[in-house]
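Enquirer: So I've got this file, final.cif, and it contains mmCIF, C-alpha atoms:
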data_coords
loop_
_atom_site.label_atom_id
_atom_site.label_comp_id
_atom_site.auth_asym_id
_atom_site.auth_seq_id
_atom_site.Cartn_x
_atom_site.Cartn_y
_atom_site.Cartn_z
CA MET P 1 68.16 -37.40 -36.10
CA GLN P 2 68.69 -41.09 -35.57
CA GLY P 3 67.61 -43.79 -33.18
CA PRO P 4 64.55 -43.02 -31.09
CA SER P 5 64.06 -39.64 -32.73
CA SER P 6 63.58 -41.21 -36.17
CA SER P 7 60.86 -43.54 -34.97
CA LEU P 8 59.30 -40.71 -33.01
CA ILE P 9 58.88 -38.61 -36.13
CA ALA P 10 58.18 -41.35 -38.63
CA ASP P 11 55.18 -42.97 -36.97
CA SER P 12 53.89 -39.79 -35.27
CA HIS P 13 53.88 -41.37 -31.83
CA GLY P 14 54.58 -38.76 -29.21
CA LEU P 15 55.10 -35.69 -31.42
CA ILE P 16 51.74 -33.97 -31.87
CA CYS P 17 52.92 -31.11 -34.07
CA ALA P 18 56.05 -29.20 -35.04
CA PHE P 19 56.32 -25.69 -36.48
CA GLN P 20 59.13 -23.50 -37.68
CA LEU P 21 58.42 -19.96 -36.50
CA ALA P 22 60.54 -17.68 -38.65
CA PRO P 23 59.38 -18.01 -41.34
CA LEU P 24 56.26 -19.90 -40.27
CA ALA P 25 56.11 -23.39 -41.71
CA ARG P 26 54.75 -26.68 -40.53
CA LEU P 27 57.48 -29.26 -40.08
CA GLU P 28 56.25 -32.60 -41.28
CA ARG P 29 57.16 -35.52 -39.13
CA GLU P 30 58.79 -37.27 -42.04
CA THR P 31 61.08 -34.31 -42.81
CA VAL P 32 62.14 -33.27 -39.32
CA GLN P 33 65.62 -34.68 -38.85
CA SER P 34 67.08 -32.38 -36.22
CA LEU P 35 66.21 -29.48 -34.02
CA ASP P 36 69.21 -27.65 -35.49
CA GLY P 37 68.96 -25.81 -38.75
CA HIS P 38 65.28 -24.87 -38.53
CA GLY P 39 65.64 -21.56 -36.69
CA SER P 40 63.01 -20.97 -34.02
CA VAL P 41 60.66 -23.93 -33.56
CA TRP P 42 57.72 -25.12 -31.52
CA LEU P 43 57.52 -28.81 -30.72
CA HIS P 44 54.45 -30.19 -28.97
CA PHE P 45 54.51 -33.65 -27.39
CA ASN P 46 52.13 -36.18 -25.93
CA LEU P 47 53.87 -37.06 -22.68
CA THR P 48 51.94 -40.28 -22.22
CA ASP P 49 53.94 -41.78 -25.09
CA GLY P 50 57.12 -43.50 -23.94
CA ARG P 51 59.04 -42.65 -27.09
CA ALA P 52 58.33 -38.94 -26.66
CA ARG P 53 59.62 -39.12 -23.11
CA GLU P 54 62.70 -41.02 -24.26
CA TRP P 55 63.44 -38.44 -26.96
CA LEU P 56 63.01 -35.54 -24.55
CA SER P 57 65.29 -37.23 -22.08
CA GLU P 58 68.06 -38.31 -24.44
CA GLN P 59 67.87 -36.37 -27.72
CA ALA P 60 66.40 -32.93 -27.00
CA HIS P 61 69.53 -31.55 -25.28
CA LEU P 62 67.42 -29.80 -22.68
CA PRO P 63 68.66 -28.34 -19.41
CA ARG P 64 68.26 -30.84 -16.62
CA ALA P 65 65.55 -28.83 -14.86
CA ALA P 66 63.56 -28.52 -18.11
CA ALA P 67 63.82 -32.25 -18.84
CA GLU P 68 62.72 -33.11 -15.31
CA ALA P 69 59.73 -30.76 -15.53
CA LEU P 70 58.63 -32.21 -18.88
CA LEU P 71 59.00 -35.80 -17.72
CA ASP P 72 57.50 -35.32 -14.26
CA ASP P 73 53.72 -35.55 -13.89
CA ASP P 74 53.62 -33.17 -10.92
CA PRO P 75 50.41 -31.10 -11.39
CA HIS P 76 51.50 -28.18 -9.19
CA VAL P 77 51.51 -24.90 -11.09
CA ARG P 78 54.87 -23.16 -11.05
CA VAL P 79 57.35 -21.10 -13.06
CA GLN P 80 61.11 -21.56 -12.92
CA THR P 81 63.64 -19.34 -14.66
CA LEU P 82 66.88 -20.75 -16.06
CA PRO P 83 69.98 -19.12 -17.54
CA GLU P 84 68.85 -20.33 -20.98
CA GLY P 85 65.15 -19.55 -20.61
CA PHE P 86 62.31 -20.61 -18.33
CA ILE P 87 59.91 -23.44 -17.51
CA ALA P 88 56.19 -23.01 -16.83
CA VAL P 89 53.82 -25.66 -15.52
CA LEU P 90 50.28 -24.37 -16.10
CA ARG P 91 46.67 -25.54 -16.00
CA ASP P 92 44.33 -25.60 -18.98
CA LEU P 93 40.81 -26.81 -19.80
CA HIS P 94 40.33 -30.26 -21.23
CA HIS P 95 39.64 -30.49 -24.93
CA GLU P 96 35.97 -30.81 -25.95
CA ARG P 97 36.46 -34.39 -27.08
CA GLU P 98 37.39 -35.36 -23.52
CA GLY P 99 33.71 -34.93 -22.66
CA ASP P 100 34.45 -33.20 -19.35
CA GLU P 101 33.70 -29.49 -19.40
CA THR P 102 34.84 -29.09 -15.82
CA GLY P 103 38.12 -30.96 -16.23
CA CYS P 104 41.50 -29.26 -16.21
CA GLY P 105 44.86 -30.69 -17.10
CA THR P 106 48.49 -29.76 -16.70
CA PHE P 107 50.90 -28.86 -19.46
CA VAL P 108 54.57 -27.97 -19.35
CA VAL P 109 56.30 -25.28 -21.43
CA TYR P 110 60.02 -24.80 -21.89
CA VAL P 111 61.11 -21.63 -23.71
CA ASP P 112 64.57 -20.53 -24.73
CA ALA P 113 65.96 -18.37 -27.53
CA GLN P 114 65.35 -21.00 -30.25
CA ARG P 115 62.70 -23.37 -28.98
CA MET P 116 59.34 -23.61 -27.33
CA ILE P 117 58.73 -27.19 -26.28
CA THR P 118 55.37 -28.13 -24.76
CA GLY P 119 54.06 -31.38 -23.40
CA ARG P 120 50.74 -32.54 -22.01
CA TRP P 121 49.18 -35.74 -20.62
CA HIS P 122 45.59 -35.10 -21.75
CA ALA P 123 44.12 -33.35 -24.77
CA LEU P 124 43.89 -29.68 -23.79
CA HIS P 125 41.85 -26.91 -25.35
CA THR P 126 44.34 -24.05 -25.53
CA LEU P 127 47.24 -26.00 -26.97
CA ASP P 128 44.99 -27.39 -29.68
CA GLN P 129 43.73 -23.89 -30.47
CA LEU P 130 47.32 -22.66 -30.75
CA ARG P 131 48.11 -25.51 -33.16
CA LEU P 132 45.09 -24.62 -35.31
CA GLN P 133 45.98 -20.93 -35.34
CA LEU P 134 49.53 -21.61 -36.47
CA SER P 135 48.19 -23.94 -39.13
CA LYS P 136 46.11 -21.02 -40.43
CA GLY P 137 49.15 -18.76 -40.64
CA ILE P 138 49.36 -16.71 -37.44
CA ASP P 139 52.96 -15.54 -37.38
CA GLU P 140 54.84 -15.35 -34.08
CA PRO P 141 58.52 -14.90 -34.93
CA THR P 142 60.14 -16.00 -31.67
CA PRO P 143 59.46 -18.65 -29.02
CA LEU P 144 58.84 -15.92 -26.43
CA ALA P 145 56.30 -14.22 -28.71
CA LEU P 146 54.62 -17.57 -29.25
CA PHE P 147 54.52 -18.11 -25.48
CA GLU P 148 52.89 -14.70 -25.05
CA HIS P 149 50.28 -15.71 -27.63
CA LEU P 150 49.81 -19.01 -25.78
CA LEU P 151 49.02 -17.09 -22.58
CA GLU P 152 46.48 -14.94 -24.45
CA CYS P 153 44.85 -18.08 -25.82
CA LEU P 154 44.84 -19.63 -22.35
CA ALA P 155 43.13 -16.59 -20.85
CA GLU P 156 40.66 -16.62 -23.76
CA SER P 157 39.85 -20.29 -23.07
CA PHE P 158 38.90 -19.45 -19.49
CA SER P 159 36.92 -16.42 -20.69
CA GLU P 160 34.95 -18.54 -23.15
CA MET P 161 34.03 -20.98 -20.39
CA VAL P 162 32.98 -18.07 -18.16
CA SER P 163 30.75 -16.77 -20.97
CA LYS P 164 29.11 -20.19 -21.37
CA LEU P 165 28.43 -20.39 -17.65
CA PHE P 166 27.04 -16.85 -17.65
CA GLU P 167 24.60 -17.87 -20.39
CA ARG P 168 23.43 -20.75 -18.20
CA ILE P 169 22.85 -18.34 -15.34
CA GLU P 170 20.83 -16.04 -17.60
CA ILE P 171 18.67 -18.98 -18.71
CA ALA P 172 18.15 -19.93 -15.08
CA GLU P 173 17.29 -16.32 -14.22
CA ASP P 174 14.63 -16.18 -16.94
CA ALA P 175 13.13 -19.41 -15.63
CA ILE P 176 13.16 -18.12 -12.05
CA LEU P 177 11.45 -14.85 -12.98
CA ALA P 178 8.87 -16.85 -14.95
CA GLY P 179 8.10 -18.88 -11.83
CA ARG P 180 9.86 -22.09 -12.92
CA TYR P 181 12.42 -22.00 -10.16
CA ARG P 182 12.10 -25.42 -8.57
CA ASP P 183 14.41 -27.15 -11.06
CA GLN P 184 17.01 -24.36 -11.23
CA GLY P 185 18.66 -24.87 -7.86
CA SER P 186 20.68 -27.93 -8.88
CA ALA P 187 21.75 -26.26 -12.14
CA LEU P 188 23.00 -23.19 -10.29
CA ARG P 189 24.84 -25.31 -7.74
CA ARG P 190 26.69 -27.06 -10.54
CA VAL P 191 27.54 -23.74 -12.19
CA ARG P 192 28.96 -22.41 -8.93
CA TRP P 193 30.99 -25.59 -8.48
CA ILE P 194 32.47 -25.22 -11.97
CA LEU P 195 33.18 -21.53 -11.36
CA SER P 196 34.92 -22.35 -8.11
CA ARG P 197 37.20 -24.83 -9.87
CA LEU P 198 37.95 -22.42 -12.71
CA ARG P 199 38.74 -19.64 -10.25
CA ARG P 200 41.26 -21.81 -8.45
CA GLU P 201 42.96 -22.80 -11.71
CA ALA P 202 43.02 -19.24 -13.11
CA ARG P 203 44.38 -17.82 -9.87
CA ALA P 204 47.10 -20.46 -9.75
CA ASP P 205 48.18 -19.65 -13.32
CA ARG P 206 48.12 -15.92 -12.65
CA SER P 207 50.04 -16.22 -9.39
CA ALA P 208 52.78 -18.32 -10.98
CA LEU P 209 53.06 -16.18 -14.12
CA SER P 210 53.02 -12.83 -12.32
CA ARG P 211 56.63 -13.30 -11.23
CA LEU P 212 57.90 -14.25 -14.68
CA PRO P 213 58.26 -10.87 -16.51
CA ALA P 214 60.62 -9.50 -13.86
CA HIS P 215 62.85 -12.59 -13.96
CA LEU P 216 63.38 -13.01 -17.70
CA PRO P 217 66.94 -13.03 -19.04
CA HIS P 218 68.27 -9.52 -19.75
CA ALA P 219 68.71 -10.34 -23.41
CA VAL P 220 64.94 -10.52 -23.82
CA GLY P 221 64.47 -6.75 -23.72
CA ALA P 222 62.03 -4.36 -22.08
CA ASP P 223 59.46 -4.55 -24.90
CA SER P 224 59.15 -8.32 -24.54
CA GLU P 225 58.81 -7.94 -20.80
CA ARG P 226 55.97 -5.45 -21.23
CA ARG P 227 54.16 -7.67 -23.74
CA LEU P 228 54.52 -10.66 -21.48
CA ALA P 229 53.29 -8.64 -18.49
CA ALA P 230 50.26 -7.55 -20.53
CA ALA P 231 49.52 -11.17 -21.47
CA VAL P 232 49.77 -12.22 -17.83
CA GLU P 233 47.53 -9.33 -16.81
CA ARG P 234 44.68 -10.82 -18.83
CA PHE P 235 44.35 -13.46 -16.13
CA SER P 236 43.44 -10.70 -13.67
CA GLY P 237 40.46 -9.83 -15.85
CA VAL P 238 39.50 -13.49 -16.09
CA ALA P 239 39.62 -13.82 -12.30
CA GLN P 240 37.38 -10.76 -11.90
CA ASP P 241 34.90 -12.12 -14.44
CA LEU P 242 34.81 -15.42 -12.58
CA GLU P 243 34.05 -13.65 -9.31
CA LEU P 244 31.29 -11.56 -10.91
CA VAL P 245 29.61 -14.55 -12.52
CA GLU P 246 29.86 -16.55 -9.31
CA GLU P 247 28.28 -13.66 -7.42
CA ARG P 248 25.46 -13.59 -9.98
CA ALA P 249 24.89 -17.33 -9.48
CA ARG P 250 24.84 -16.83 -5.71
CA LEU P 251 22.22 -14.09 -6.05
CA MET P 252 20.08 -16.36 -8.19
CA GLN P 253 20.29 -19.08 -5.55
CA GLU P 254 19.25 -16.55 -2.93
CA GLU P 255 16.31 -15.56 -5.15
CA ILE P 256 15.24 -19.20 -5.36
CA ALA P 257 15.52 -19.55 -1.58
CA ALA P 258 13.48 -16.36 -1.07
CA ARG P 259 10.73 -17.57 -3.41
CA LEU P 260 10.61 -20.97 -1.73
CA ASN P 261 10.39 -19.29 1.68
CA GLU P 262 7.62 -17.04 0.38
CA GLN P 263 5.67 -20.03 -0.89
CA THR P 264 6.21 -21.87 2.38
CA ASN P 265 4.99 -18.86 4.34
CA ARG P 266 1.86 -18.63 2.20
CA THR P 267 1.17 -22.31 2.73
CA LEU P 268 1.64 -21.97 6.49
CA TYR P 269 -0.63 -18.93 6.50
CA VAL P 270 -3.44 -20.84 4.79
CA LEU P 271 -3.00 -23.81 7.10
CA SER P 272 -3.06 -21.55 10.15
CA VAL P 273 -6.26 -19.81 9.01
CA VAL P 274 -7.94 -23.15 8.24
CA THR P 275 -6.85 -24.58 11.58
CA ALA P 276 -8.15 -21.58 13.51
CA ALA P 277 -11.44 -21.58 11.57
CA LEU P 278 -12.03 -25.28 12.16
CA LEU P 279 -11.15 -25.16 15.85
CA PRO P 280 -14.79 -24.47 16.93
CA ILE P 281 -15.90 -27.47 14.86
CA THR P 282 -13.44 -29.64 16.74
CA LEU P 283 -14.82 -28.33 20.03
CA ILE P 284 -18.42 -29.01 18.98
CA THR P 285 -17.70 -32.52 17.73
CA GLY P 286 -15.85 -33.21 20.95
CA VAL P 287 -18.76 -32.06 23.07
CA PHE P 288 -21.39 -34.01 21.13
CA GLY P 289 -19.18 -37.06 21.15
CA MET P 290 -19.06 -37.33 24.93
CA ASN P 291 -22.05 -39.69 24.86
CA VAL P 292 -23.54 -38.53 28.18
CA GLY P 293 -27.07 -37.80 29.11
CA GLY P 294 -28.57 -34.37 28.61
CA LEU P 295 -27.01 -33.65 25.21
CA PRO P 296 -29.30 -31.35 23.21
CA TRP P 297 -31.12 -32.66 20.14
CA LEU P 298 -30.14 -36.20 21.00
CA GLU P 299 -33.63 -37.48 20.20
CA HIS P 300 -34.71 -34.63 17.95
CA PRO P 301 -35.45 -35.72 14.35
CA HIS P 302 -33.54 -32.72 12.99
CA GLY P 303 -30.73 -32.78 15.57
CA PHE P 304 -28.02 -33.50 12.99
CA ARG P 305 -29.13 -30.53 10.90
CA HIS P 306 -29.07 -28.26 13.93
CA VAL P 307 -25.54 -29.36 14.84
CA MET P 308 -24.29 -28.78 11.28
CA LEU P 309 -25.84 -25.29 11.25
CA LEU P 310 -24.21 -24.59 14.59
CA MET P 311 -20.85 -25.66 13.20
CA LEU P 312 -21.29 -23.42 10.16
CA MET P 313 -22.19 -20.46 12.33
CA MET P 314 -19.17 -21.03 14.56
CA VAL P 315 -16.85 -21.20 11.51
CA LEU P 316 -18.29 -17.93 10.20
CA VAL P 317 -17.87 -16.31 13.58
CA ALA P 318 -14.27 -17.57 13.80
CA LEU P 319 -13.44 -16.24 10.34
CA GLY P 320 -14.99 -12.90 11.26
CA LEU P 321 -12.93 -12.69 14.43
CA ILE P 322 -9.77 -13.65 12.54
CA ARG P 323 -10.36 -10.98 9.95
CA HIS P 324 -11.27 -8.35 12.54
CA SER P 325 -8.26 -9.09 14.74
CA ARG P 326 -5.84 -9.23 11.77
CA VAL P 327 -3.79 -11.84 13.57
CA PHE P 328 -3.15 -13.61 10.26
#
Please go through the file and, once you have read it, give me the structure as structure tokens.

Expert:
Amino acid sequence: MQGPSSSLIADSHGLICAFQLAPLARLERETVQSLDGHGSVWLHFNLTDGRAREWLSEQAHLPRAAAEALLDDDPHVRVQTLPEGFIAVLRDLHHEREGDETGCGTFVVYVDAQRMITGRWHALHTLDQLRLQLSKGIDEPTPLALFEHLLECLAESFSEMVSKLFERIEIAEDAILAGRYRDQGSALRRVRWILSRLRREARADRSALSRLPAHLPHAVGADSERRLAAAVERFSGVAQDLELVEERARLMQEEIAARLNEQTNRTLYVLSVVTAALLPITLITGVFGMNVGGLPWLEHPHGFRHVMLLMLMMVLVALGLIRHSRVF
């Protein structure tokens, strides 16, 4: 491999990892000279690097549609079958080091009989997990088998995020049942927002991949089609889990709303009782404040005491009437 491919491998720019699949062996950047002669391989590229894009365009000998998909930054999820293989543009969660748990990025996969070539623009969780698993010795003998394993890892990535969000909901539920529900509303709203985003991404991946098993080349075989269909089916379970967790979050939000309404109703009840009980006092103070002749106890030395006793009696009478009438 000469020209741009040599610099690509030698200084590691663009090529993230390379593996020979049968038998499994990591292909060091310094020793990879050609895609030929290594059997089945997986090559994983950073598409933000210009030299990787140049190599894919000029040296990879890809079908035109595959090269365009790898070099295009179109984020729309899709699957396209070719005579030689297929192309898949899928969504994955950002890697932890990106610092954005809600972020999703696009990656492109091209699979044929001898190669699986992937490319991404941001560090993604599933592709990094696949790299680590191959480094530990997980053996997938063909590019299609590796792609099936990639789909299982992708579904597992979504499932792990769903489990984390479910734990947050359980923590919020414990706080709500313990009476500390005022600060849980914003946390649950964020969880539902994340779940909504994940559901859209998982459904898009599942919808695109669901058509793939039936359109694989005939040389693939029925067993590979069944395994691929089973891997795709995992996304159905992920989508159901997302819906269940989102429903749980919605119920918790409704519980918070019900408790807030209950507290508001209690407060209004107390205010209504106090207002009704103090209404006679307001009437008495209004009458004695008219400042007209003939007011009782106006010159009496104990007039103030008599008025206060009258107010107390009227409050007691009002409370008795309220309790007897059961209006409140």

Enquirer: Looking at all atoms listed in the file, which of P:Ile256, P:Met311, P:Ala66, P:Ala222 is the one that sits closest to Leu283 of chain P?

Expert: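 For Leu283 of chain P, the nearest of the candidates is P:Met311.
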
Enquirer: Work out how far atom CA of Arg168 of chain P is from atom CA of Leu124 of chain P, in Å to one decimal.

Expert: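 Distance between the two atoms: 23.0 Å.
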
Enquirer: Tell me which of P:Arg203, P:Val111, P:Ile194, P:Ile117 sits closest to Gln240 of chain P, counting all atoms listed in the file.

Expert: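 Looking at the shortest contact to Gln240 of chain P, the residue is P:Arg203.
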
Enquirer: Using the chain letters and numbers from the file, which residues does the PyMOL selection byres ((chain P and resi 123) around 10) grab, as number ranges by chain?

Expert: P: 46, 92-98, 104-107, 120-122, 124-128

Enquirer: Using C-alpha atoms, can you export the residues from the last selection as a PDB file, keeping the file's coordinate frame?

Expert:
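The new file out.pdb reads:
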ATOM      1  CA  ASN P  46      52.130 -36.180 -25.930  1.00  0.00           C
ATOM      2  CA  ASP P  92      44.330 -25.600 -18.980  1.00  0.00           C
ATOM      3  CA  LEU P  93      40.810 -26.810 -19.800  1.00  0.00           C
ATOM      4  CA  HIS P  94      40.330 -30.260 -21.230  1.00  0.00           C
ATOM      5  CA  HIS P  95      39.640 -30.490 -24.930  1.00  0.00           C
ATOM      6  CA  GLU P  96      35.970 -30.810 -25.950  1.00  0.00           C
ATOM      7  CA  ARG P  97      36.460 -34.390 -27.080  1.00  0.00           C
ATOM      8  CA  GLU P  98      37.390 -35.360 -23.520  1.00  0.00           C
ATOM      9  CA  CYS P 104      41.500 -29.260 -16.210  1.00  0.00           C
ATOM     10  CA  GLY P 105      44.860 -30.690 -17.100  1.00  0.00           C
ATOM     11  CA  THR P 106      48.490 -29.760 -16.700  1.00  0.00           C
ATOM     12  CA  PHE P 107      50.900 -28.860 -19.460  1.00  0.00           C
ATOM     13  CA  ARG P 120      50.740 -32.540 -22.010  1.00  0.00           C
ATOM     14  CA  TRP P 121      49.180 -35.740 -20.620  1.00  0.00           C
ATOM     15  CA  HIS P 122      45.590 -35.100 -21.750  1.00  0.00           C
ATOM     16  CA  LEU P 124      43.890 -29.680 -23.790  1.00  0.00           C
ATOM     17  CA  HIS P 125      41.850 -26.910 -25.350  1.00  0.00           C
ATOM     18  CA  THR P 126      44.340 -24.050 -25.530  1.00  0.00           C
ATOM     19  CA  LEU P 127      47.240 -26.000 -26.970  1.00  0.00           C
ATOM     20  CA  ASP P 128      44.990 -27.390 -29.680  1.00  0.00           C
TER      21      ASP P 128
END

Enquirer: Pick from P:Thr275, P:Val77, P:Leu268, P:Arg259: nearest to Ala178 of chain P, with only C-alpha atoms counted?

Expert: P:Arg259

Enquirer: Using only C-alpha atoms and a cutoff of 10 Å, can you tell me which residues are near (46.9, -11.8, -16.2) in the file's coordinates, and write them out as a ChimeraX atom specification?

Expert: /P:151-152,155,202-203,205-207,209-210,228-239

Enquirer: Quick one: residues within 12 Å of Glu68 of chain P, only C-alpha atoms, excluding same-chain residues fewer than 4 positions away - as a VMD selection string?

Expert: chain P and resid 53 to 54 56 to 58 62 to 64 72 to 74 80 87 89 108 to 110 119

Enquirer: With C-alpha atoms kept, could you save the residues just selected as an mmCIF file, in the frame of the given file?

Expert:
data_model
loop_
_atom_site.group_PDB
_atom_site.id
_atom_site.type_symbol
_atom_site.label_atom_id
_atom_site.label_comp_id
_atom_site.auth_asym_id
_atom_site.auth_seq_id
_atom_site.Cartn_x
_atom_site.Cartn_y
_atom_site.Cartn_z
ATOM 1 C CA ARG P 53 59.620 -39.120 -23.110
ATOM 2 C CA GLU P 54 62.700 -41.020 -24.260
ATOM 3 C CA LEU P 56 63.010 -35.540 -24.550
ATOM 4 C CA SER P 57 65.290 -37.230 -22.080
ATOM 5 C CA GLU P 58 68.060 -38.310 -24.440
ATOM 6 C CA LEU P 62 67.420 -29.800 -22.680
ATOM 7 C CA PRO P 63 68.660 -28.340 -19.410
ATOM 8 C CA ARG P 64 68.260 -30.840 -16.620
ATOM 9 C CA ASP P 72 57.500 -35.320 -14.260
ATOM 10 C CA ASP P 73 53.720 -35.550 -13.890
ATOM 11 C CA ASP P 74 53.620 -33.170 -10.920
ATOM 12 C CA GLN P 80 61.110 -21.560 -12.920
ATOM 13 C CA ILE P 87 59.910 -23.440 -17.510
ATOM 14 C CA VAL P 89 53.820 -25.660 -15.520
ATOM 15 C CA VAL P 108 54.570 -27.970 -19.350
ATOM 16 C CA VAL P 109 56.300 -25.280 -21.430
ATOM 17 C CA TYR P 110 60.020 -24.800 -21.890
ATOM 18 C CA GLY P 119 54.060 -31.380 -23.400
#

Enquirer: Take segment 271-283 of chain P, model N, CA and C atoms, and hand the result over as a PDB file, in the coordinates of the input.

Expert:
ATOM      1  N   LEU P 271      -2.774 -22.740   6.129  1.00  0.00           N
ATOM      2  CA  LEU P 271      -3.000 -23.810   7.100  1.00  0.00           C
ATOM      3  C   LEU P 271      -3.378 -23.247   8.465  1.00  0.00           C
ATOM      4  N   SER P 272      -2.749 -22.141   8.845  1.00  0.00           N
ATOM      5  CA  SER P 272      -3.060 -21.550  10.150  1.00  0.00           C
ATOM      6  C   SER P 272      -4.487 -21.012  10.177  1.00  0.00           C
ATOM      7  N   VAL P 273      -4.892 -20.344   9.077  1.00  0.00           N
ATOM      8  CA  VAL P 273      -6.260 -19.810   9.010  1.00  0.00           C
ATOM      9  C   VAL P 273      -7.274 -20.952   9.056  1.00  0.00           C
ATOM     10  N   VAL P 274      -7.015 -22.008   8.266  1.00  0.00           N
ATOM     11  CA  VAL P 274      -7.940 -23.150   8.240  1.00  0.00           C
ATOM     12  C   VAL P 274      -8.012 -23.810   9.616  1.00  0.00           C
ATOM     13  N   THR P 275      -6.866 -23.954  10.258  1.00  0.00           N
ATOM     14  CA  THR P 275      -6.850 -24.580  11.580  1.00  0.00           C
ATOM     15  C   THR P 275      -7.636 -23.755  12.591  1.00  0.00           C
ATOM     16  N   ALA P 276      -7.421 -22.441  12.575  1.00  0.00           N
ATOM     17  CA  ALA P 276      -8.150 -21.580  13.510  1.00  0.00           C
ATOM     18  C   ALA P 276      -9.645 -21.572  13.211  1.00  0.00           C
ATOM     19  N   ALA P 277     -10.010 -21.593  11.921  1.00  0.00           N
ATOM     20  CA  ALA P 277     -11.440 -21.580  11.570  1.00  0.00           C
ATOM     21  C   ALA P 277     -12.127 -22.872  11.958  1.00  0.00           C
ATOM     22  N   LEU P 278     -11.426 -23.992  11.867  1.00  0.00           N
ATOM     23  CA  LEU P 278     -12.030 -25.280  12.160  1.00  0.00           C
ATOM     24  C   LEU P 278     -11.935 -25.662  13.629  1.00  0.00           C
ATOM     25  N   LEU P 279     -11.267 -24.836  14.424  1.00  0.00           N
ATOM     26  CA  LEU P 279     -11.150 -25.160  15.850  1.00  0.00           C
ATOM     27  C   LEU P 279     -12.507 -25.249  16.551  1.00  0.00           C
ATOM     28  N   PRO P 280     -13.464 -24.310  16.291  1.00  0.00           N
ATOM     29  CA  PRO P 280     -14.790 -24.470  16.930  1.00  0.00           C
ATOM     30  C   PRO P 280     -15.480 -25.772  16.533  1.00  0.00           C
ATOM     31  N   ILE P 281     -15.297 -26.203  15.275  1.00  0.00           N
ATOM     32  CA  ILE P 281     -15.900 -27.470  14.860  1.00  0.00           C
ATOM     33  C   ILE P 281     -15.335 -28.615  15.680  1.00  0.00           C
ATOM     34  N   THR P 282     -14.065 -28.595  15.923  1.00  0.00           N
ATOM     35  CA  THR P 282     -13.440 -29.640  16.740  1.00  0.00           C
ATOM     36  C   THR P 282     -14.009 -29.649  18.144  1.00  0.00           C
ATOM     37  N   LEU P 283     -14.228 -28.428  18.684  1.00  0.00           N
ATOM     38  CA  LEU P 283     -14.820 -28.330  20.030  1.00  0.00           C
ATOM     39  C   LEU P 283     -16.233 -28.900  20.043  1.00  0.00           C
TER      40      LEU P 283
END
